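Asker: Input structure: data.txt, which contains compact mmCIF, N, CA and C atoms.
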```txt
# COMPACT_ATOMS: atom_id res chain seq x y z
N MET A 1 0.83 -1.20 0.00
CA MET A 1 0.00 0.00 0.00
C MET A 1 0.86 1.25 0.00
N MET A 2 1.88 1.29 0.87
CA MET A 2 2.73 2.47 0.98
C MET A 2 3.50 2.70 -0.33
N SER A 3 3.97 1.62 -0.96
CA SER A 3 4.70 1.76 -2.22
C SER A 3 3.82 2.36 -3.31
N LEU A 4 2.58 1.94 -3.37
CA LEU A 4 1.64 2.48 -4.35
C LEU A 4 1.38 3.97 -4.08
N LEU A 5 1.19 4.32 -2.83
CA LEU A 5 0.98 5.73 -2.47
C LEU A 5 2.19 6.58 -2.84
N LYS A 6 3.38 6.07 -2.54
CA LYS A 6 4.60 6.82 -2.89
C LYS A 6 4.73 7.00 -4.39
N MET A 7 4.39 5.96 -5.15
CA MET A 7 4.48 6.06 -6.60
C MET A 7 3.48 7.09 -7.14
N ILE A 8 2.25 7.05 -6.67
CA ILE A 8 1.24 8.01 -7.11
C ILE A 8 1.65 9.43 -6.72
N HIS A 9 2.17 9.57 -5.52
CA HIS A 9 2.63 10.86 -5.02
C HIS A 9 3.76 11.38 -5.92
N PHE A 10 4.72 10.54 -6.19
CA PHE A 10 5.86 10.92 -7.02
C PHE A 10 5.42 11.27 -8.44
N LEU A 11 4.54 10.47 -9.03
CA LEU A 11 4.09 10.75 -10.40
C LEU A 11 3.35 12.09 -10.49
N SER A 12 2.59 12.41 -9.46
CA SER A 12 1.90 13.70 -9.43
C SER A 12 2.90 14.85 -9.36
N ALA A 13 3.93 14.69 -8.54
CA ALA A 13 4.98 15.72 -8.46
C ALA A 13 5.72 15.82 -9.80
N LEU A 14 5.96 14.69 -10.42
CA LEU A 14 6.65 14.66 -11.71
C LEU A 14 5.85 15.42 -12.77
N ILE A 15 4.55 15.23 -12.81
CA ILE A 15 3.70 15.93 -13.77
C ILE A 15 3.77 17.43 -13.54
N TRP A 16 3.64 17.86 -12.29
CA TRP A 16 3.62 19.29 -11.98
C TRP A 16 4.99 19.94 -12.21
N VAL A 17 6.02 19.40 -11.57
CA VAL A 17 7.35 19.99 -11.66
C VAL A 17 7.92 19.81 -13.07
N GLY A 18 7.72 18.65 -13.64
CA GLY A 18 8.21 18.42 -15.00
C GLY A 18 7.52 19.33 -16.01
N GLY A 19 6.23 19.55 -15.81
CA GLY A 19 5.51 20.46 -16.70
C GLY A 19 6.03 21.88 -16.60
N MET A 20 6.32 22.32 -15.37
CA MET A 20 6.88 23.66 -15.20
C MET A 20 8.25 23.75 -15.85
N PHE A 21 9.07 22.72 -15.66
CA PHE A 21 10.40 22.71 -16.26
C PHE A 21 10.30 22.81 -17.78
N PHE A 22 9.46 21.98 -18.38
CA PHE A 22 9.30 22.00 -19.84
C PHE A 22 8.81 23.37 -20.31
N ALA A 23 7.80 23.90 -19.65
CA ALA A 23 7.24 25.19 -20.07
C ALA A 23 8.27 26.30 -19.95
N TYR A 24 9.01 26.31 -18.87
CA TYR A 24 9.93 27.42 -18.58
C TYR A 24 11.23 27.31 -19.37
N VAL A 25 11.79 26.12 -19.44
CA VAL A 25 13.12 25.95 -20.00
C VAL A 25 13.10 25.62 -21.50
N VAL A 26 12.04 24.97 -21.97
CA VAL A 26 12.00 24.53 -23.37
C VAL A 26 10.98 25.34 -24.19
N LEU A 27 9.74 25.32 -23.76
CA LEU A 27 8.67 25.94 -24.55
C LEU A 27 8.81 27.45 -24.63
N ARG A 28 9.02 28.11 -23.50
CA ARG A 28 9.08 29.57 -23.49
C ARG A 28 10.13 30.13 -24.45
N PRO A 29 11.39 29.66 -24.38
CA PRO A 29 12.38 30.21 -25.32
C PRO A 29 12.03 29.93 -26.79
N ALA A 30 11.46 28.76 -27.06
CA ALA A 30 11.09 28.43 -28.44
C ALA A 30 9.97 29.35 -28.93
N VAL A 31 9.00 29.61 -28.08
CA VAL A 31 7.88 30.47 -28.44
C VAL A 31 8.38 31.89 -28.73
N VAL A 32 9.30 32.39 -27.91
CA VAL A 32 9.84 33.74 -28.10
C VAL A 32 10.56 33.84 -29.45
N GLU A 33 11.25 32.79 -29.85
CA GLU A 33 11.99 32.79 -31.11
C GLU A 33 11.07 32.74 -32.33
N VAL A 34 9.93 32.09 -32.19
CA VAL A 34 9.12 31.78 -33.37
C VAL A 34 7.89 32.69 -33.53
N LEU A 35 7.25 33.07 -32.44
CA LEU A 35 5.98 33.77 -32.52
C LEU A 35 6.09 35.24 -32.13
N GLU A 36 5.24 36.04 -32.75
CA GLU A 36 5.10 37.45 -32.38
C GLU A 36 4.28 37.53 -31.10
N PRO A 37 4.42 38.63 -30.34
CA PRO A 37 3.72 38.75 -29.05
C PRO A 37 2.23 38.41 -29.06
N PRO A 38 1.42 38.87 -30.02
CA PRO A 38 -0.01 38.49 -29.95
C PRO A 38 -0.24 36.97 -30.02
N GLN A 39 0.52 36.30 -30.88
CA GLN A 39 0.37 34.84 -31.00
C GLN A 39 0.90 34.14 -29.74
N ARG A 40 1.96 34.69 -29.16
CA ARG A 40 2.50 34.11 -27.92
C ARG A 40 1.45 34.13 -26.82
N LEU A 41 0.78 35.26 -26.69
CA LEU A 41 -0.21 35.41 -25.62
C LEU A 41 -1.36 34.41 -25.80
N ARG A 42 -1.81 34.24 -27.03
CA ARG A 42 -2.89 33.27 -27.28
C ARG A 42 -2.40 31.84 -27.04
N LEU A 43 -1.17 31.56 -27.47
CA LEU A 43 -0.62 30.21 -27.24
C LEU A 43 -0.54 29.91 -25.76
N TRP A 44 0.02 30.85 -24.96
CA TRP A 44 0.15 30.61 -23.52
C TRP A 44 -1.21 30.44 -22.87
N ASP A 45 -2.21 31.17 -23.34
CA ASP A 45 -3.56 30.99 -22.80
C ASP A 45 -4.03 29.55 -23.02
N ASN A 46 -3.79 29.02 -24.20
CA ASN A 46 -4.16 27.64 -24.50
C ASN A 46 -3.32 26.63 -23.73
N VAL A 47 -2.03 26.89 -23.62
CA VAL A 47 -1.14 25.99 -22.87
C VAL A 47 -1.58 25.94 -21.40
N PHE A 48 -1.77 27.12 -20.80
CA PHE A 48 -2.15 27.17 -19.38
C PHE A 48 -3.50 26.48 -19.16
N ARG A 49 -4.45 26.71 -20.05
CA ARG A 49 -5.78 26.10 -19.87
C ARG A 49 -5.66 24.58 -19.77
N ARG A 50 -4.82 24.01 -20.60
CA ARG A 50 -4.65 22.55 -20.59
C ARG A 50 -3.78 22.08 -19.40
N PHE A 51 -2.67 22.79 -19.17
CA PHE A 51 -1.74 22.38 -18.12
C PHE A 51 -2.37 22.52 -16.74
N PHE A 52 -3.12 23.58 -16.50
CA PHE A 52 -3.67 23.81 -15.16
C PHE A 52 -4.69 22.76 -14.75
N VAL A 53 -5.34 22.12 -15.70
CA VAL A 53 -6.21 20.99 -15.36
C VAL A 53 -5.38 19.89 -14.71
N TRP A 54 -4.22 19.60 -15.29
CA TRP A 54 -3.33 18.58 -14.76
C TRP A 54 -2.75 18.99 -13.42
N VAL A 55 -2.45 20.29 -13.28
CA VAL A 55 -1.88 20.75 -12.01
C VAL A 55 -2.91 20.62 -10.90
N TRP A 56 -4.17 20.99 -11.15
CA TRP A 56 -5.19 20.83 -10.11
C TRP A 56 -5.29 19.36 -9.67
N ALA A 57 -5.27 18.46 -10.65
CA ALA A 57 -5.32 17.03 -10.30
C ALA A 57 -4.09 16.62 -9.50
N ALA A 58 -2.91 17.09 -9.93
CA ALA A 58 -1.67 16.77 -9.22
C ALA A 58 -1.70 17.30 -7.80
N VAL A 59 -2.17 18.52 -7.62
CA VAL A 59 -2.24 19.12 -6.27
C VAL A 59 -3.16 18.29 -5.38
N ALA A 60 -4.31 17.92 -5.89
CA ALA A 60 -5.25 17.12 -5.10
C ALA A 60 -4.63 15.78 -4.71
N ILE A 61 -3.98 15.13 -5.66
CA ILE A 61 -3.36 13.83 -5.39
C ILE A 61 -2.19 13.98 -4.43
N LEU A 62 -1.35 15.00 -4.63
CA LEU A 62 -0.20 15.21 -3.75
C LEU A 62 -0.64 15.45 -2.31
N LEU A 63 -1.60 16.32 -2.12
CA LEU A 63 -2.06 16.61 -0.75
C LEU A 63 -2.72 15.39 -0.12
N THR A 64 -3.58 14.73 -0.87
CA THR A 64 -4.29 13.56 -0.33
C THR A 64 -3.32 12.43 -0.01
N SER A 65 -2.46 12.09 -0.95
CA SER A 65 -1.53 10.98 -0.72
C SER A 65 -0.50 11.34 0.35
N GLY A 66 -0.04 12.58 0.35
CA GLY A 66 0.94 13.00 1.35
C GLY A 66 0.40 12.93 2.76
N PHE A 67 -0.77 13.50 2.97
CA PHE A 67 -1.35 13.46 4.32
C PHE A 67 -1.73 12.03 4.72
N TYR A 68 -2.16 11.23 3.76
CA TYR A 68 -2.50 9.84 4.10
C TYR A 68 -1.25 9.05 4.48
N MET A 69 -0.14 9.29 3.79
CA MET A 69 1.10 8.60 4.17
C MET A 69 1.56 9.04 5.56
N ILE A 70 1.43 10.33 5.87
CA ILE A 70 1.77 10.81 7.21
C ILE A 70 0.89 10.11 8.24
N TYR A 71 -0.38 9.96 7.95
CA TYR A 71 -1.31 9.25 8.82
C TYR A 71 -0.86 7.80 9.01
N LEU A 72 -0.49 7.13 7.92
CA LEU A 72 -0.07 5.73 8.01
C LEU A 72 1.21 5.56 8.83
N TYR A 73 2.08 6.56 8.81
CA TYR A 73 3.30 6.52 9.64
C TYR A 73 3.00 6.77 11.11
N GLY A 74 1.80 7.22 11.43
CA GLY A 74 1.44 7.47 12.81
C GLY A 74 1.31 8.94 13.15
N GLY A 75 1.43 9.80 12.16
CA GLY A 75 1.27 11.24 12.39
C GLY A 75 2.58 11.99 12.24
N PHE A 76 2.49 13.30 12.37
CA PHE A 76 3.65 14.18 12.18
C PHE A 76 4.80 13.87 13.12
N ALA A 77 4.51 13.41 14.31
CA ALA A 77 5.56 13.13 15.29
C ALA A 77 6.44 11.96 14.87
N TYR A 78 5.96 11.13 13.93
CA TYR A 78 6.68 9.92 13.56
C TYR A 78 7.31 9.95 12.17
N VAL A 79 7.12 11.03 11.45
CA VAL A 79 7.74 11.11 10.12
C VAL A 79 9.08 11.83 10.23
N PRO A 80 10.00 11.51 9.33
CA PRO A 80 11.32 12.18 9.36
C PRO A 80 11.19 13.69 9.14
N LYS A 81 12.21 14.41 9.57
CA LYS A 81 12.22 15.87 9.47
C LYS A 81 12.05 16.36 8.03
N HIS A 82 12.66 15.63 7.07
CA HIS A 82 12.56 16.09 5.68
C HIS A 82 11.12 16.08 5.19
N VAL A 83 10.27 15.25 5.75
CA VAL A 83 8.86 15.22 5.36
C VAL A 83 8.18 16.52 5.79
N HIS A 84 8.51 17.01 6.96
CA HIS A 84 7.96 18.29 7.43
C HIS A 84 8.36 19.42 6.47
N THR A 85 9.62 19.41 6.06
CA THR A 85 10.10 20.44 5.14
C THR A 85 9.43 20.30 3.78
N MET A 86 9.30 19.07 3.31
CA MET A 86 8.61 18.84 2.03
C MET A 86 7.17 19.35 2.09
N LEU A 87 6.50 19.09 3.19
CA LEU A 87 5.13 19.55 3.34
C LEU A 87 5.06 21.08 3.34
N ALA A 88 5.97 21.71 4.07
CA ALA A 88 5.98 23.18 4.11
C ALA A 88 6.21 23.76 2.72
N LEU A 89 7.19 23.21 2.00
CA LEU A 89 7.44 23.68 0.63
C LEU A 89 6.24 23.42 -0.27
N GLY A 90 5.62 22.26 -0.10
CA GLY A 90 4.44 21.93 -0.90
C GLY A 90 3.29 22.89 -0.66
N VAL A 91 3.07 23.25 0.59
CA VAL A 91 1.99 24.19 0.92
C VAL A 91 2.27 25.56 0.30
N VAL A 92 3.53 25.99 0.37
CA VAL A 92 3.90 27.26 -0.27
C VAL A 92 3.68 27.18 -1.78
N MET A 93 4.06 26.06 -2.38
CA MET A 93 3.86 25.89 -3.82
C MET A 93 2.38 25.93 -4.19
N VAL A 94 1.55 25.28 -3.40
CA VAL A 94 0.11 25.28 -3.68
C VAL A 94 -0.44 26.70 -3.55
N ALA A 95 0.01 27.44 -2.54
CA ALA A 95 -0.45 28.83 -2.37
C ALA A 95 -0.04 29.69 -3.56
N ILE A 96 1.20 29.53 -4.01
CA ILE A 96 1.65 30.29 -5.18
C ILE A 96 0.84 29.89 -6.40
N TYR A 97 0.63 28.60 -6.58
CA TYR A 97 -0.15 28.13 -7.73
C TYR A 97 -1.57 28.68 -7.69
N ALA A 98 -2.20 28.65 -6.52
CA ALA A 98 -3.57 29.17 -6.41
C ALA A 98 -3.60 30.66 -6.79
N TYR A 99 -2.58 31.41 -6.36
CA TYR A 99 -2.51 32.82 -6.74
C TYR A 99 -2.30 32.96 -8.25
N VAL A 100 -1.41 32.14 -8.82
CA VAL A 100 -1.19 32.18 -10.26
C VAL A 100 -2.50 31.90 -11.00
N TYR A 101 -3.22 30.89 -10.55
CA TYR A 101 -4.45 30.51 -11.25
C TYR A 101 -5.55 31.57 -11.08
N PHE A 102 -5.88 31.88 -9.83
CA PHE A 102 -7.01 32.78 -9.59
C PHE A 102 -6.65 34.26 -9.75
N GLY A 103 -5.46 34.64 -9.32
CA GLY A 103 -5.08 36.04 -9.34
C GLY A 103 -4.43 36.50 -10.63
N CYS A 104 -3.89 35.56 -11.40
CA CYS A 104 -3.18 35.93 -12.63
C CYS A 104 -3.80 35.30 -13.88
N TYR A 105 -3.89 33.97 -13.91
CA TYR A 105 -4.33 33.30 -15.14
C TYR A 105 -5.76 33.66 -15.52
N ARG A 106 -6.67 33.64 -14.59
CA ARG A 106 -8.06 33.93 -14.97
C ARG A 106 -8.21 35.34 -15.53
N PRO A 107 -7.63 36.38 -14.88
CA PRO A 107 -7.68 37.71 -15.51
C PRO A 107 -6.92 37.73 -16.85
N TYR A 108 -5.79 37.05 -16.91
CA TYR A 108 -5.00 36.98 -18.14
C TYR A 108 -5.84 36.41 -19.28
N SER A 109 -6.51 35.32 -19.02
CA SER A 109 -7.32 34.68 -20.05
C SER A 109 -8.43 35.60 -20.54
N ARG A 110 -9.06 36.33 -19.63
CA ARG A 110 -10.10 37.29 -20.02
C ARG A 110 -9.51 38.42 -20.87
N LEU A 111 -8.32 38.89 -20.50
CA LEU A 111 -7.67 39.96 -21.26
C LEU A 111 -7.29 39.49 -22.66
N VAL A 112 -6.80 38.27 -22.78
CA VAL A 112 -6.46 37.73 -24.10
C VAL A 112 -7.72 37.61 -24.94
N ALA A 113 -8.80 37.11 -24.36
CA ALA A 113 -10.06 36.96 -25.10
C ALA A 113 -10.60 38.31 -25.58
N SER A 114 -10.40 39.36 -24.79
CA SER A 114 -10.88 40.69 -25.16
C SER A 114 -9.85 41.48 -25.97
N GLN A 115 -8.74 40.84 -26.35
CA GLN A 115 -7.69 41.45 -27.15
C GLN A 115 -6.95 42.59 -26.44
N ASN A 116 -7.00 42.62 -25.11
CA ASN A 116 -6.24 43.61 -24.35
C ASN A 116 -4.85 43.01 -24.10
N LEU A 117 -4.06 43.02 -25.15
CA LEU A 117 -2.81 42.26 -25.15
C LEU A 117 -1.71 42.92 -24.32
N GLN A 118 -1.72 44.22 -24.21
CA GLN A 118 -0.69 44.89 -23.41
C GLN A 118 -0.81 44.51 -21.94
N GLU A 119 -2.03 44.60 -21.40
CA GLU A 119 -2.22 44.20 -19.99
C GLU A 119 -1.98 42.70 -19.81
N ALA A 120 -2.42 41.92 -20.78
CA ALA A 120 -2.20 40.47 -20.71
C ALA A 120 -0.71 40.17 -20.67
N GLY A 121 0.07 40.88 -21.46
CA GLY A 121 1.52 40.67 -21.46
C GLY A 121 2.15 40.95 -20.11
N GLY A 122 1.65 41.98 -19.42
CA GLY A 122 2.16 42.28 -18.08
C GLY A 122 1.86 41.16 -17.10
N ILE A 123 0.66 40.63 -17.20
CA ILE A 123 0.29 39.52 -16.31
C ILE A 123 1.10 38.27 -16.65
N LEU A 124 1.33 38.04 -17.94
CA LEU A 124 2.13 36.87 -18.33
C LEU A 124 3.53 36.95 -17.72
N GLY A 125 4.11 38.15 -17.68
CA GLY A 125 5.41 38.32 -17.04
C GLY A 125 5.38 37.96 -15.57
N ARG A 126 4.31 38.32 -14.88
CA ARG A 126 4.15 37.97 -13.46
C ARG A 126 3.99 36.46 -13.30
N ILE A 127 3.20 35.84 -14.18
CA ILE A 127 3.03 34.38 -14.13
C ILE A 127 4.38 33.70 -14.32
N ARG A 128 5.16 34.17 -15.28
CA ARG A 128 6.47 33.58 -15.56
C ARG A 128 7.36 33.61 -14.32
N LYS A 129 7.38 34.73 -13.63
CA LYS A 129 8.22 34.85 -12.42
C LYS A 129 7.75 33.91 -11.32
N LEU A 130 6.45 33.81 -11.15
CA LEU A 130 5.91 32.93 -10.09
C LEU A 130 6.14 31.46 -10.43
N ILE A 131 6.04 31.12 -11.69
CA ILE A 131 6.33 29.74 -12.10
C ILE A 131 7.81 29.43 -11.87
N ALA A 132 8.68 30.41 -12.10
CA ALA A 132 10.11 30.19 -11.83
C ALA A 132 10.33 29.90 -10.35
N VAL A 133 9.66 30.63 -9.48
CA VAL A 133 9.77 30.39 -8.04
C VAL A 133 9.26 28.99 -7.71
N ASN A 134 8.10 28.64 -8.24
CA ASN A 134 7.54 27.31 -7.96
C ASN A 134 8.40 26.20 -8.53
N LEU A 135 9.02 26.44 -9.67
CA LEU A 135 9.91 25.44 -10.25
C LEU A 135 11.09 25.17 -9.32
N VAL A 136 11.70 26.22 -8.81
CA VAL A 136 12.83 26.05 -7.88
C VAL A 136 12.37 25.32 -6.62
N LEU A 137 11.23 25.73 -6.07
CA LEU A 137 10.70 25.05 -4.87
C LEU A 137 10.39 23.59 -5.16
N GLY A 138 9.85 23.32 -6.33
CA GLY A 138 9.53 21.94 -6.71
C GLY A 138 10.77 21.07 -6.84
N ILE A 139 11.80 21.62 -7.45
CA ILE A 139 13.06 20.87 -7.58
C ILE A 139 13.67 20.61 -6.21
N LEU A 140 13.64 21.62 -5.34
CA LEU A 140 14.14 21.42 -3.98
C LEU A 140 13.35 20.34 -3.25
N THR A 141 12.06 20.34 -3.41
CA THR A 141 11.20 19.35 -2.74
C THR A 141 11.50 17.93 -3.24
N VAL A 142 11.68 17.79 -4.54
CA VAL A 142 12.02 16.48 -5.09
C VAL A 142 13.38 16.03 -4.58
N CYS A 143 14.34 16.95 -4.52
CA CYS A 143 15.67 16.60 -3.99
C CYS A 143 15.57 16.15 -2.53
N LEU A 144 14.75 16.84 -1.75
CA LEU A 144 14.54 16.43 -0.36
C LEU A 144 13.95 15.03 -0.27
N ALA A 145 13.01 14.74 -1.16
CA ALA A 145 12.38 13.42 -1.15
C ALA A 145 13.41 12.33 -1.44
N VAL A 146 14.25 12.57 -2.42
CA VAL A 146 15.25 11.57 -2.80
C VAL A 146 16.33 11.45 -1.73
N LEU A 147 16.89 12.57 -1.31
CA LEU A 147 17.97 12.54 -0.33
C LEU A 147 17.49 12.15 1.06
N GLY A 148 16.30 12.56 1.41
CA GLY A 148 15.76 12.22 2.72
C GLY A 148 15.43 10.74 2.88
N ALA A 149 15.19 10.08 1.76
CA ALA A 149 14.88 8.66 1.81
C ALA A 149 16.12 7.82 2.11
N HIS A 150 17.31 8.41 2.01
CA HIS A 150 18.55 7.63 2.23
C HIS A 150 19.22 8.03 3.50
```
What do you get writing this file as structure tokens?
Answerer:
Amino acid sequence: MMSLLKMIHFLSALIWVGGMFFAYVVLRPAVVEVLEPPQRLRLWDNVFRRFFVWVWAAVAILLTSGFYMIYLYGGFAYVPKHVHTMLALGVVMVAIYAYVYFGCYRPYSRLVASQNLQEAGGILGRIRKLIAVNLVLGILTVCLAVLGAH
């Protein structure tokens, strides 16, 4: 049971962190080279709409599986210290993601739909910075999971 939970937990983290890595390190530079700003904004709106569905699922699975594994270990008092740190980083990541989604992406998507591309571009810059922060936090969390297990 625990192995299955760990695998599901890890795969959810892989989808979220790997998706951010791909978007930030691979897709973003390619889009800047190939597309003009109006097309970039529409593309990112479509990319985010699809990716954020997966992130919501990953967040739900990560939180559910993480707390359930803590429960199976006997509670917070019985899990290793790195698990506490992973949980704290995860909660910060979820808070940043919720802000990106509700505070940035939803207004961004409305601005793109209404062709207010200048304001949308400003919001996209803010989303990019927040995703960079979450990417770093996600990589640190994965490193903690791997190193803490040994």
Asker: Report as a Markdown table: every residue of range 51-127 of chain A with an atom at most 10 Å from range 30-38 of chain A, its closest pair of atoms, and their distance in Å to one decimal, counting only C-alpha atoms, with rows sorted by chain and ascending residue number.
Answerer:
```
| residue | atom | partner | partner_atom | distance |
| --- | --- | --- | --- | --- |
| A:Val112 | CA | A:Pro38 | CA | 8.7 |
| A:Gln115 | CA | A:Pro38 | CA | 8.7 |
| A:Asn116 | CA | A:Pro38 | CA | 9.8 |
| A:Leu117 | CA | A:Pro38 | CA | 6.7 |
| A:Gln118 | CA | A:Pro38 | CA | 9.2 |
| A:Ala120 | CA | A:Pro38 | CA | 9.7 |
| A:Gly121 | CA | A:Pro37 | CA | 8.1 |
```
Asker: Contacts of range 9-11 of chain A at 7 Å or less, counting all atoms listed in the file, minus same-chain residues fewer than 4 places along, as a short mmCIF file (atom, residue, chain, number, x, y, z; two decimals) with N, CA and C atoms, in the coordinates of the input?
Answerer:
```cif
data_model
loop_
_atom_site.label_atom_id
_atom_site.label_comp_id
_atom_site.auth_asym_id
_atom_site.auth_seq_id
_atom_site.Cartn_x
_atom_site.Cartn_y
_atom_site.Cartn_z
N LEU A 4 2.58 1.94 -3.37
CA LEU A 4 1.64 2.48 -4.35
C LEU A 4 1.38 3.97 -4.08
N LEU A 5 1.19 4.32 -2.83
CA LEU A 5 0.98 5.73 -2.47
C LEU A 5 2.19 6.58 -2.84
N ILE A 15 4.55 15.23 -12.81
CA ILE A 15 3.70 15.93 -13.77
C ILE A 15 3.77 17.43 -13.54
N TRP A 16 3.64 17.86 -12.29
CA TRP A 16 3.62 19.29 -11.98
C TRP A 16 4.99 19.94 -12.21
N ALA A 58 -2.91 17.09 -9.93
CA ALA A 58 -1.67 16.77 -9.22
C ALA A 58 -1.70 17.30 -7.80
N ILE A 61 -3.98 15.13 -5.66
CA ILE A 61 -3.36 13.83 -5.39
C ILE A 61 -2.19 13.98 -4.43
N LEU A 62 -1.35 15.00 -4.63
CA LEU A 62 -0.20 15.21 -3.75
C LEU A 62 -0.64 15.45 -2.31
N SER A 65 -2.46 12.09 -0.95
CA SER A 65 -1.53 10.98 -0.72
C SER A 65 -0.50 11.34 0.35
N GLY A 66 -0.04 12.58 0.35
CA GLY A 66 0.94 13.00 1.35
C GLY A 66 0.40 12.93 2.76
#
```
Asker: Which residue, A:Leu124, A:Ser12, A:Tyr105, A:Val142, has the smallest gap to Thr64 in chain A when you use only C-alpha atoms?
Answerer: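 Checking each of A:Leu124, A:Ser12, A:Tyr105, A:Val142 against Thr64 in chain A, counting only C-alpha atoms, the winner is A:Ser12.
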Asker: Considering only C-alpha atoms, state which residue in the set A:Ile139, A:Ile123, A:Ala60, A:Val94 is at the smallest distance from Gly18 in chain A.
Answerer: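 Closest to Gly18 in chain A, using only C-alpha atoms: A:Ile139.
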Asker: Work out how far apart atom C of Arg106 in chain A and atom C of Ile131 in chain A are and give it in Å to one decimal.
Answerer: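 These atoms are spaced 17.5 Å apart.
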Asker: Using all atoms listed in the file, which protein or nucleic acid residues come within 8 Å of range 45-48 of chain A? Drop anything in the same chain fewer than 3 positions from it, and give the result as a PyMOL selection string.
Answerer: chain A and resi 39-42+51-54+105+108-109+112
Asker: Find the residues near Leu137 in chain A: any atom within 8 Å, counting only N, CA and C atoms, skip ones fewer than 3 places away on the same chain, and give them as number ranges by chain.
Answerer: A: 89-90, 92-93, 131-134, 140-143
Asker: Would you mind listing what lies within 8 Å of range 69-71 of chain A as a VMD selection string, with only N, CA and C atoms counted and same-chain residues fewer than 5 positions away left out?
Answerer: chain A and resid 2 5 to 6 63 to 64 76 to 79
Asker: Quick one, how far is atom C of Ala95 in chain A from atom C of Leu135 in chain A?
Answerer: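 About the pair atom C of Ala95 in chain A and atom C of Leu135 in chain A: they are 13.3 Å apart.
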Asker: Taking into account only C-alpha atoms, which residue in the set A:Ala113, A:Leu87, A:Leu147, A:Val100 is nearest to Arg126 in chain A?
Answerer: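 Checking each candidate against Arg126 in chain A, we get A:Val100 as the closest.
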Asker: I need the residue nearest Arg50 in chain A from this list: A:Gly19, A:Pro29, A:Pro80, A:Arg128. Use only C-alpha atoms for the distance.
Answerer: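 Of the candidates, the smallest distance to Arg50 in chain A is held by A:Gly19.
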Asker: My list of candidates is A:Leu43, A:Gly138, A:Tyr101, A:Arg110. Which is closest to Leu14 in chain A when distances are computed with only C-alpha atoms?
Answerer: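 With only C-alpha atoms as the atom set, the closest residue is A:Gly138.
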